[in-house]
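Asks: Can you keep this structure in mind? I'll have questions shortly.
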Amino acid sequence: MSTPLLKVENVTKSFPIHGGLFSREVASVKAVQGISFEIKKGETLGLVGESGCGKSTLGRCLIRLHDVTSGNIFYNGKDITHIKGEELREMRRKMQIIFQDPFASLNPRMTIGSILEEPLIIHNLFESAKDRQDRISQLIDLVGLRREHLNRYPHEFSGGQRQRVGIARALAVNPELIVCDEPVSALDVSIQAQVINLLMELQQKLGLTYIFIAHDLKVVEHVSNRVAVMYLGKIVEMAEAEELYRNPKHPYTKALLSAIPVPDPRGKEERIILTGDVPSPINPPSGCHFNPRCPIAIDDCKTIVPPLEEKAKDHVAACIRV
Amino acid sequence: MSEILLDVKNLKTRFNTDDGTFRAVDDVSFNVKRGQTIGIVGESGCGKSVTSLSIMRLIQKPGTIEGGQVLFKGQDLLKLSDEKMRQIRGNEIAMIFQEPMTSLNPVYTIGDQIEEAILLHQKELSKAQARERAIKMLRIVGIPAPEKRFHEYPHQLSGGMRQRVMIALAISCNPELLIADEPTTALDVTIQAQILDLMRNLQKEFNAGMILITHDLGVVAEMCQEVAVMYAGRIVEYGTVEDIFYRPKHHYTRGLLDSIPHFETGHKLDQLKTIPGMVPSLYNLPVGCRFQDRCPAVQNDCRQTYPPLENMRGIHKAACFHPISDEVK
Ligand SMILES: Nc1ncnc2c1ncn2[C@@H]1O[C@H](COP(=O)(O)OP(=O)(O)OP(=O)(O)O)[C@@H](O)[C@H]1O
Ligand SMILES: Nc1ncnc2c1ncn2[C@@H]1O[C@H](COP(=O)(O)OP(=O)(O)OP(=O)(O)O)[C@@H](O)[C@H]1O
Ligand SMILES: [Mg+2]
Ligand SMILES: [Mg+2]
């Protein structure tokens, strides 16, 4: 078998919480807790899960925007967990991110034109200003914005337009892997469809690899080869997209799939409503993290940490009840 | 019929930029009754947020509200003093903003921000009571360990948590009118279901009106009684949810509905359906219908005059000379 493009081994990431008189570390948010998976070149891995379960944090760790607390990340077989300086800079060109919150990620004092030019300059991609401008025009067309937008500032755009700037910026440097963190949630469905078609087209043309984080499960199904479901810092289920949607194993995945709103005023289906408080990554429940809200939990679930094990062919889930 | 809470009449909002001026909101009218939820949908950049910011009188330079009326319980908000408007904002009318980071203050903890909002509007409360209420609000919107989170700053929260903090902030004063601009985009579907439920219950309890802006047509189908479809600054179709989903008249609405990725039909190599072409530049709008260049049913008359919003059946209206004939579904 060929080396995976990205291999993630037991990655954890905690954020310290400070408090008290001397701002001592009093606790920590265990945002990502021992995650492992592999992605092949040209593949799309969908990442879904409860808000706050660590998807963005994981995405940021993978492309080294956060330092991991422990674990290792390999890119094309090379350990990149601790690379620095020039090596890291080169790596950063290969791995880009489309940020979840476009407003917070665009410098308010720069025009869209200079926001798009910046990465081209940093990575020395084009000799002349003219070549850079051509590239920028090309990018603007690609994401469906207008040339007239180039002289404008981020606050002059609507939410969806800003998101497209973020996408153009990520594409600017010809990356190999893109972490797409909610890339289309700010877009209306027709533009969403355009952007998704665009991302998939680029993938086929350029062999891009995506980690695709989204709350819209239909979109994730459409774009992903495989899908991983996260709950409170851990992967609880992972399988081929079709298999996961047809044949979910983990009770959390089932609840998630049943909660999708349907675009039909008459079409209200039965939902699995999760009861109980959303647990906290500061103080996660013992045993299976999902046990306090799980409809099928038994006493053992409070003590046994369920391993991620194969429940069907190429289909893993972390639940002792299925 | 219940009382009209908000009546927006011929609202026009313009932006003056270096490249010229354009109307982001061009002659928009609709109303919201008590206990009712109106959805606004439409292409990104069509003026949904500017409409709601105009209602709240939060349009800043280079934007100006050029004309129209925003009647809230009969009084025109556009004529109120700044001071009076400030009292209404966040008290009788609250807004959940599209991007949490733009409306949460990065240098204050989230607890302080909610506590302050509560104290500002409920002056009779003590600080301790306000804090208690703030923590309760955080718990209601599903923030785990709210006592701990109370002391955190916005950047320490996940995207969805920030969005929920904003929702807590908006509903902490039991507003009579809630304007929610993409309130659940950053939330997973189970929490989204919870939050939508919460909003519905609050609305019932206080008989409030709600304007819900969202790209998620599933959420519209579930929450709204009536829907406005906007395109390039104007309402092009208006009707009950059933009108919009089952009997769309405008070709843009049809295109929008067709672009939804359908569940279980999704196939890796399938292209999603899209609406060909691009929205016209607001600086340089075509004569006639603004959707003409992308419309499958375009004719000569569409290029000559702008089609007026014509009554169809009941409250259903569409701005199209060649509307789609009724489909059986
Ligand atoms: N810089 C930070 N400092 C402290 N805590 C953080 C920081 N970034 C994230 N966290 C915490 O880590 C946890 C996971 O956050 P993350 O943003 O990864 O969630 P997410 O799965 O992307 O959620 P969402 O779907 O809401 O965007 C949360 O509890 C969050 O509060
Ligand atoms: N401060 C501003 N200065 C200049 N133009 C602006 C400003 N704010 C908004 N616009 C423009 O007004 C138009 C309407 O923007 P608005 O934010 O209302 O769109 P929207 O319908 O909410 O879109 P989205 O779904 O992407 O949030 C857009 O073309 C936008 O570029
Ligand atoms: Mg996130
Ligand atoms: Mg908007």
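Each chain in the structure tokens gets a letter, A, B, ..., in the order shown, and its residues are numbered from 1; ligands are numbered from 1 in order too.
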Would you mind listing the residues within 10 Å of ligand 3, counting only C-alpha atoms and all ligand atoms, as an MDAnalysis selection string?
Replies: (chainID A and resid 48:60 99:101 181:182 213:215) or (chainID B and resid 157:161 186:187)
Asks: Taking only residues of chain B that have an atom at most 6 Å from an atom of chain A, what is each one's shortest atom pair and its distance in Å to one decimal, using only C-alpha atoms, in chain and number order, as a tab-separated table?
Replies:
```
residue	atom	partner	partner_atom	distance
B:Glu43	CA	A:Asp188	CA	5.5
B:Ser44	CA	A:Gly160	CA	5.3
B:Gly45	CA	A:Ser158	CA	5.2
B:Pro144	CA	A:Ser280	CA	5.1
B:Ser158	CA	A:Gly52	CA	5.2
B:Gly160	CA	A:Ser51	CA	5.3
B:Thr185	CA	A:Ser185	CA	6.0
B:Leu187	CA	A:Ser51	CA	5.6
B:Asp188	CA	A:His215	CA	5.0
B:Val189	CA	A:Ala259	CA	5.6
B:Thr190	CA	A:Ala259	CA	5.5
B:His215	CA	A:Asp188	CA	4.8
B:Leu217	CA	A:Pro263	CA	5.2
B:Gly218	CA	A:Pro263	CA	3.6
B:Val219	CA	A:Pro261	CA	5.9
B:Ala221	CA	A:Pro265	CA	4.5
B:Leu256	CA	A:Ser190	CA	5.6
B:Ser259	CA	A:Ser190	CA	5.2
B:Ile260	CA	A:Val189	CA	5.8
B:Phe263	CA	A:Lys218	CA	5.7
B:Gly266	CA	A:His222	CA	5.1
B:Lys268	CA	A:His222	CA	5.9
B:Leu272	CA	A:Ala193	CA	5.6
B:Thr274	CA	A:Ser190	CA	5.3
```
Asks: Go through the chains and note each residue within 9 Å of ligand 2, using only C-alpha atoms and all ligand atoms, then give the set as number ranges by chain.
Replies: A: 149, 152-163, 186-188; B: 14-17, 22-25, 40-53, 59-63, 98, 181-182, 213-215, 230-233, 281-282
Asks: Write out as a ChimeraX atom specification which residues come within 12 Å of B:Val107 when counting only C-alpha atoms, dropping same-chain ones fewer than 6 positions away.
Replies: /B:101,113,151-156
Asks: For the residues in that selection, give me all heavy atoms as an mmCIF file, in the first residue's frame.
Replies:
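Output (selection23.cif):
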```cif
data_model
loop_
_atom_site.group_PDB
_atom_site.id
_atom_site.type_symbol
_atom_site.label_atom_id
_atom_site.label_comp_id
_atom_site.auth_asym_id
_atom_site.auth_seq_id
_atom_site.Cartn_x
_atom_site.Cartn_y
_atom_site.Cartn_z
ATOM 1 N N MET B 101 -18.258 36.848 16.106
ATOM 2 C CA MET B 101 -17.064 37.574 16.499
ATOM 3 C C MET B 101 -17.194 39.078 16.284
ATOM 4 O O MET B 101 -16.474 39.866 16.862
ATOM 5 C CB MET B 101 -15.830 37.051 15.750
ATOM 6 C CG MET B 101 -15.231 35.825 16.377
ATOM 7 S SD MET B 101 -15.095 35.912 18.175
ATOM 8 C CE MET B 101 -13.334 36.188 18.328
ATOM 9 N N GLN B 113 -20.291 40.094 29.623
ATOM 10 C CA GLN B 113 -21.087 40.719 28.563
ATOM 11 C C GLN B 113 -22.574 40.449 28.731
ATOM 12 O O GLN B 113 -23.405 41.332 28.564
ATOM 13 C CB GLN B 113 -20.603 40.241 27.187
ATOM 14 C CG GLN B 113 -19.204 40.720 26.901
ATOM 15 C CD GLN B 113 -18.722 40.389 25.494
ATOM 16 O OE1 GLN B 113 -19.375 40.669 24.503
ATOM 17 N NE2 GLN B 113 -17.553 39.775 25.414
ATOM 18 N N HIS B 151 -16.299 32.738 32.750
ATOM 19 C CA HIS B 151 -15.078 33.537 32.864
ATOM 20 C C HIS B 151 -14.192 33.472 31.631
ATOM 21 O O HIS B 151 -13.063 33.926 31.657
ATOM 22 C CB HIS B 151 -14.284 33.083 34.090
ATOM 23 C CG HIS B 151 -15.087 33.153 35.351
ATOM 24 N ND1 HIS B 151 -15.428 34.347 35.940
ATOM 25 C CD2 HIS B 151 -15.667 32.186 36.095
ATOM 26 C CE1 HIS B 151 -16.169 34.104 37.016
ATOM 27 N NE2 HIS B 151 -16.340 32.808 37.125
ATOM 28 N N GLU B 152 -14.695 32.875 30.548
ATOM 29 C CA GLU B 152 -13.841 32.751 29.368
ATOM 30 C C GLU B 152 -14.087 33.885 28.380
ATOM 31 O O GLU B 152 -15.131 34.513 28.360
ATOM 32 C CB GLU B 152 -14.081 31.403 28.692
ATOM 33 C CG GLU B 152 -13.602 30.266 29.572
ATOM 34 C CD GLU B 152 -13.400 28.962 28.828
ATOM 35 O OE1 GLU B 152 -14.057 28.725 27.799
ATOM 36 O OE2 GLU B 152 -12.579 28.180 29.287
ATOM 37 N N TYR B 153 -13.095 34.084 27.529
ATOM 38 C CA TYR B 153 -13.184 35.107 26.495
ATOM 39 C C TYR B 153 -13.684 34.477 25.194
ATOM 40 O O TYR B 153 -13.481 33.279 24.984
ATOM 41 C CB TYR B 153 -11.802 35.744 26.286
ATOM 42 C CG TYR B 153 -11.353 36.507 27.497
ATOM 43 C CD1 TYR B 153 -10.625 35.885 28.505
ATOM 44 C CD2 TYR B 153 -11.721 37.843 27.659
ATOM 45 C CE1 TYR B 153 -10.253 36.574 29.648
ATOM 46 C CE2 TYR B 153 -11.356 38.541 28.791
ATOM 47 C CZ TYR B 153 -10.617 37.902 29.785
ATOM 48 O OH TYR B 153 -10.269 38.597 30.906
ATOM 49 N N PRO B 154 -14.287 35.281 24.332
ATOM 50 C CA PRO B 154 -14.847 34.714 23.100
ATOM 51 C C PRO B 154 -13.881 33.811 22.314
ATOM 52 O O PRO B 154 -14.286 32.770 21.820
ATOM 53 C CB PRO B 154 -15.237 35.952 22.288
ATOM 54 C CG PRO B 154 -15.571 36.982 23.312
ATOM 55 C CD PRO B 154 -14.630 36.714 24.460
ATOM 56 N N HIS B 155 -12.606 34.186 22.240
ATOM 57 C CA HIS B 155 -11.709 33.378 21.402
ATOM 58 C C HIS B 155 -11.453 31.989 21.976
ATOM 59 O O HIS B 155 -10.938 31.117 21.298
ATOM 60 C CB HIS B 155 -10.380 34.102 21.166
ATOM 61 C CG HIS B 155 -9.464 34.058 22.350
ATOM 62 N ND1 HIS B 155 -9.458 35.038 23.322
ATOM 63 C CD2 HIS B 155 -8.553 33.135 22.739
ATOM 64 C CE1 HIS B 155 -8.572 34.705 24.253
ATOM 65 N NE2 HIS B 155 -8.014 33.568 23.916
ATOM 66 N N GLN B 156 -11.818 31.800 23.226
ATOM 67 C CA GLN B 156 -11.582 30.481 23.831
ATOM 68 C C GLN B 156 -12.728 29.508 23.555
ATOM 69 O O GLN B 156 -12.681 28.362 23.966
ATOM 70 C CB GLN B 156 -11.397 30.632 25.342
ATOM 71 C CG GLN B 156 -10.148 31.416 25.692
ATOM 72 C CD GLN B 156 -10.049 31.661 27.182
ATOM 73 O OE1 GLN B 156 -10.902 32.298 27.791
ATOM 74 N NE2 GLN B 156 -8.995 31.136 27.783
#
```
Asks: What's the separation between atom CA of B:Gly74 and atom CA of B:Lys9, in Å to one decimal place?
Replies: 12.0 Å
Asks: Determine which residues of stretch 80-324 of chain B DSSP labels as strand (DSSP E or B) from the backbone of this structure, then write them out as a PDB file with C-alpha atoms, in the first residue's frame.
Replies:
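The resulting file, selection_36.pdb, is reproduced below:
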```pdb
ATOM      1  CA  ARG B  89     -32.680  47.818  20.841  1.00  0.00           C
ATOM      2  CA  ILE B  93     -36.178  44.202  19.694  1.00  0.00           C
ATOM      3  CA  ALA B  94     -33.156  41.946  19.868  1.00  0.00           C
ATOM      4  CA  MET B  95     -30.903  40.713  17.143  1.00  0.00           C
ATOM      5  CA  ILE B  96     -28.743  37.650  16.764  1.00  0.00           C
ATOM      6  CA  LEU B 177     -39.332  41.020  18.232  1.00  0.00           C
ATOM      7  CA  LEU B 178     -36.345  38.810  17.591  1.00  0.00           C
ATOM      8  CA  ILE B 179     -34.293  39.200  14.436  1.00  0.00           C
ATOM      9  CA  ALA B 180     -32.134  36.153  13.947  1.00  0.00           C
ATOM     10  CA  ASP B 181     -29.534  36.379  11.166  1.00  0.00           C
ATOM     11  CA  GLY B 209     -42.560  37.990  16.445  1.00  0.00           C
ATOM     12  CA  MET B 210     -39.480  36.669  14.693  1.00  0.00           C
ATOM     13  CA  ILE B 211     -37.565  37.342  11.510  1.00  0.00           C
ATOM     14  CA  LEU B 212     -35.384  34.395  10.645  1.00  0.00           C
ATOM     15  CA  ILE B 213     -32.687  34.773   8.023  1.00  0.00           C
ATOM     16  CA  GLU B 226     -44.246  32.908   5.740  1.00  0.00           C
ATOM     17  CA  VAL B 227     -41.175  33.409   3.584  1.00  0.00           C
ATOM     18  CA  ALA B 228     -39.708  36.304   1.624  1.00  0.00           C
ATOM     19  CA  VAL B 229     -37.290  35.443  -1.184  1.00  0.00           C
ATOM     20  CA  MET B 230     -34.855  38.247  -1.964  1.00  0.00           C
ATOM     21  CA  TYR B 231     -32.757  38.784  -5.051  1.00  0.00           C
ATOM     22  CA  ARG B 234     -35.581  43.217  -3.706  1.00  0.00           C
ATOM     23  CA  ILE B 235     -38.226  40.787  -2.590  1.00  0.00           C
ATOM     24  CA  VAL B 236     -39.001  38.729  -5.673  1.00  0.00           C
ATOM     25  CA  GLU B 237     -41.423  36.294  -4.085  1.00  0.00           C
ATOM     26  CA  TYR B 238     -43.453  36.172  -0.902  1.00  0.00           C
ATOM     27  CA  GLY B 239     -45.822  33.559   0.400  1.00  0.00           C
ATOM     28  CA  THR B 240     -46.618  30.920   2.970  1.00  0.00           C
ATOM     29  CA  GLU B 310     -48.080  40.681  -8.450  1.00  0.00           C
ATOM     30  CA  ASN B 311     -50.658  38.982  -6.236  1.00  0.00           C
ATOM     31  CA  LYS B 317     -46.874  37.353  -4.540  1.00  0.00           C
ATOM     32  CA  ALA B 318     -44.180  37.160  -7.195  1.00  0.00           C
TER      33      ALA B 318
END
```
Asks: Would you list the contacts of stretch 79-82 of chain B as a list in words, taking every protein, DNA or RNA residue within 12 Å and counting only C-alpha atoms, but skipping same-chain residues closer than 2 positions in sequence?
Replies: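 Selected residues are Ile55, Met56, Arg57, Leu58, Ile65, Gly67, Gly68, Gln69, Val70, Leu71, Phe72, Gly74, Gln75, Asp76, Leu77, Lys84, Met85, Arg86, Gln87, Ile88 and Arg89 of chain B.
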Asks: Going by DSSP on the backbone, which bits of stretch 205-285 of chain B are helix (DSSP H, G or I)? Write them as a PyMOL selection string, please.
Replies: chain B and resi 205-206+217-223+241-246+251-258
Asks: Please dump the current selection as a PDB file, in the first residue's frame; keep N, CA, C and O atoms.
Replies:
```pdb
ATOM      1  N   GLU B 205     -44.237  31.724  24.508  1.00  0.00           N
ATOM      2  CA  GLU B 205     -44.418  32.245  25.856  1.00  0.00           C
ATOM      3  C   GLU B 205     -44.656  33.752  25.856  1.00  0.00           C
ATOM      4  O   GLU B 205     -45.494  34.263  26.583  1.00  0.00           O
ATOM      5  N   PHE B 206     -43.898  34.466  25.026  1.00  0.00           N
ATOM      6  CA  PHE B 206     -44.014  35.928  25.052  1.00  0.00           C
ATOM      7  C   PHE B 206     -44.794  36.466  23.855  1.00  0.00           C
ATOM      8  O   PHE B 206     -44.834  37.660  23.631  1.00  0.00           O
ATOM      9  N   LEU B 217     -32.823  25.788   3.995  1.00  0.00           N
ATOM     10  CA  LEU B 217     -34.243  25.754   3.661  1.00  0.00           C
ATOM     11  C   LEU B 217     -34.981  24.732   4.525  1.00  0.00           C
ATOM     12  O   LEU B 217     -36.192  24.828   4.704  1.00  0.00           O
ATOM     13  N   GLY B 218     -34.244  23.780   5.075  1.00  0.00           N
ATOM     14  CA  GLY B 218     -34.856  22.846   6.022  1.00  0.00           C
ATOM     15  C   GLY B 218     -35.321  23.579   7.270  1.00  0.00           C
ATOM     16  O   GLY B 218     -36.404  23.330   7.794  1.00  0.00           O
ATOM     17  N   VAL B 219     -34.495  24.492   7.743  1.00  0.00           N
ATOM     18  CA  VAL B 219     -34.849  25.284   8.917  1.00  0.00           C
ATOM     19  C   VAL B 219     -36.049  26.181   8.601  1.00  0.00           C
ATOM     20  O   VAL B 219     -36.965  26.320   9.413  1.00  0.00           O
ATOM     21  N   VAL B 220     -36.060  26.750   7.411  1.00  0.00           N
ATOM     22  CA  VAL B 220     -37.200  27.585   7.008  1.00  0.00           C
ATOM     23  C   VAL B 220     -38.479  26.753   7.034  1.00  0.00           C
ATOM     24  O   VAL B 220     -39.493  27.153   7.604  1.00  0.00           O
ATOM     25  N   ALA B 221     -38.422  25.585   6.427  1.00  0.00           N
ATOM     26  CA  ALA B 221     -39.611  24.737   6.346  1.00  0.00           C
ATOM     27  C   ALA B 221     -40.133  24.419   7.739  1.00  0.00           C
ATOM     28  O   ALA B 221     -41.329  24.311   7.971  1.00  0.00           O
ATOM     29  N   GLU B 222     -39.208  24.282   8.673  1.00  0.00           N
ATOM     30  CA  GLU B 222     -39.596  23.868   9.998  1.00  0.00           C
ATOM     31  C   GLU B 222     -40.095  25.010  10.874  1.00  0.00           C
ATOM     32  O   GLU B 222     -40.963  24.820  11.713  1.00  0.00           O
ATOM     33  N   MET B 223     -39.532  26.189  10.699  1.00  0.00           N
ATOM     34  CA  MET B 223     -39.777  27.271  11.649  1.00  0.00           C
ATOM     35  C   MET B 223     -40.754  28.345  11.180  1.00  0.00           C
ATOM     36  O   MET B 223     -41.376  29.009  11.987  1.00  0.00           O
ATOM     37  N   VAL B 241     -45.049  29.188   3.656  1.00  0.00           N
ATOM     38  CA  VAL B 241     -44.014  28.172   3.350  1.00  0.00           C
ATOM     39  C   VAL B 241     -44.487  27.209   2.292  1.00  0.00           C
ATOM     40  O   VAL B 241     -43.710  26.801   1.433  1.00  0.00           O
ATOM     41  N   GLU B 242     -45.770  26.838   2.349  1.00  0.00           N
ATOM     42  CA  GLU B 242     -46.270  25.890   1.346  1.00  0.00           C
ATOM     43  C   GLU B 242     -46.211  26.515  -0.052  1.00  0.00           C
ATOM     44  O   GLU B 242     -45.803  25.854  -1.005  1.00  0.00           O
ATOM     45  N   ASP B 243     -46.616  27.775  -0.164  1.00  0.00           N
ATOM     46  CA  ASP B 243     -46.508  28.457  -1.456  1.00  0.00           C
ATOM     47  C   ASP B 243     -45.088  28.341  -1.990  1.00  0.00           C
ATOM     48  O   ASP B 243     -44.861  27.972  -3.142  1.00  0.00           O
ATOM     49  N   ILE B 244     -44.144  28.694  -1.138  1.00  0.00           N
ATOM     50  CA  ILE B 244     -42.760  28.768  -1.597  1.00  0.00           C
ATOM     51  C   ILE B 244     -42.189  27.389  -1.934  1.00  0.00           C
ATOM     52  O   ILE B 244     -41.508  27.207  -2.938  1.00  0.00           O
ATOM     53  N   PHE B 245     -42.461  26.403  -1.096  1.00  0.00           N
ATOM     54  CA  PHE B 245     -41.864  25.085  -1.327  1.00  0.00           C
ATOM     55  C   PHE B 245     -42.622  24.253  -2.361  1.00  0.00           C
ATOM     56  O   PHE B 245     -42.030  23.486  -3.093  1.00  0.00           O
ATOM     57  N   TYR B 246     -43.948  24.418  -2.407  1.00  0.00           N
ATOM     58  CA  TYR B 246     -44.720  23.549  -3.301  1.00  0.00           C
ATOM     59  C   TYR B 246     -45.168  24.247  -4.584  1.00  0.00           C
ATOM     60  O   TYR B 246     -45.417  23.589  -5.578  1.00  0.00           O
ATOM     61  N   HIS B 251     -38.642  32.108 -10.979  1.00  0.00           N
ATOM     62  CA  HIS B 251     -37.651  31.131 -11.428  1.00  0.00           C
ATOM     63  C   HIS B 251     -36.416  31.102 -10.540  1.00  0.00           C
ATOM     64  O   HIS B 251     -35.729  30.090 -10.460  1.00  0.00           O
ATOM     65  N   TYR B 252     -36.161  32.220  -9.850  1.00  0.00           N
ATOM     66  CA  TYR B 252     -35.050  32.190  -8.902  1.00  0.00           C
ATOM     67  C   TYR B 252     -35.365  31.256  -7.734  1.00  0.00           C
ATOM     68  O   TYR B 252     -34.522  30.457  -7.315  1.00  0.00           O
ATOM     69  N   THR B 253     -36.576  31.357  -7.214  1.00  0.00           N
ATOM     70  CA  THR B 253     -36.973  30.485  -6.102  1.00  0.00           C
ATOM     71  C   THR B 253     -36.831  29.011  -6.498  1.00  0.00           C
ATOM     72  O   THR B 253     -36.293  28.196  -5.749  1.00  0.00           O
ATOM     73  N   ARG B 254     -37.280  28.701  -7.704  1.00  0.00           N
ATOM     74  CA  ARG B 254     -37.164  27.339  -8.224  1.00  0.00           C
ATOM     75  C   ARG B 254     -35.695  26.889  -8.233  1.00  0.00           C
ATOM     76  O   ARG B 254     -35.344  25.809  -7.765  1.00  0.00           O
ATOM     77  N   GLY B 255     -34.831  27.763  -8.747  1.00  0.00           N
ATOM     78  CA  GLY B 255     -33.409  27.446  -8.825  1.00  0.00           C
ATOM     79  C   GLY B 255     -32.813  27.185  -7.453  1.00  0.00           C
ATOM     80  O   GLY B 255     -32.004  26.276  -7.263  1.00  0.00           O
ATOM     81  N   LEU B 256     -33.254  27.989  -6.495  1.00  0.00           N
ATOM     82  CA  LEU B 256     -32.772  27.837  -5.127  1.00  0.00           C
ATOM     83  C   LEU B 256     -33.175  26.465  -4.583  1.00  0.00           C
ATOM     84  O   LEU B 256     -32.363  25.724  -4.034  1.00  0.00           O
ATOM     85  N   LEU B 257     -34.440  26.120  -4.757  1.00  0.00           N
ATOM     86  CA  LEU B 257     -34.925  24.836  -4.245  1.00  0.00           C
ATOM     87  C   LEU B 257     -34.205  23.677  -4.924  1.00  0.00           C
ATOM     88  O   LEU B 257     -33.896  22.666  -4.298  1.00  0.00           O
ATOM     89  N   ASP B 258     -33.896  23.843  -6.199  1.00  0.00           N
ATOM     90  CA  ASP B 258     -33.227  22.761  -6.924  1.00  0.00           C
ATOM     91  C   ASP B 258     -31.768  22.585  -6.519  1.00  0.00           C
ATOM     92  O   ASP B 258     -31.165  21.560  -6.801  1.00  0.00           O
TER      93      ASP B 258
END
```
Asks: Taking into account only C-alpha atoms, which residue in the set A:Val173, A:Glu86, A:Lys234, A:Arg24 is nearest to A:Ser36?
Replies: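 Using only C-alpha atoms, the shortest distance to A:Ser36 belongs to A:Lys234.
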Asks: Need the shell around A:Glu117: protein/DNA/RNA residues with any atom at most 8 Å away, counting only C-alpha atoms. Skip same-chain ones fewer than 4 positions apart. Format as a count of residues only?
Replies: 5
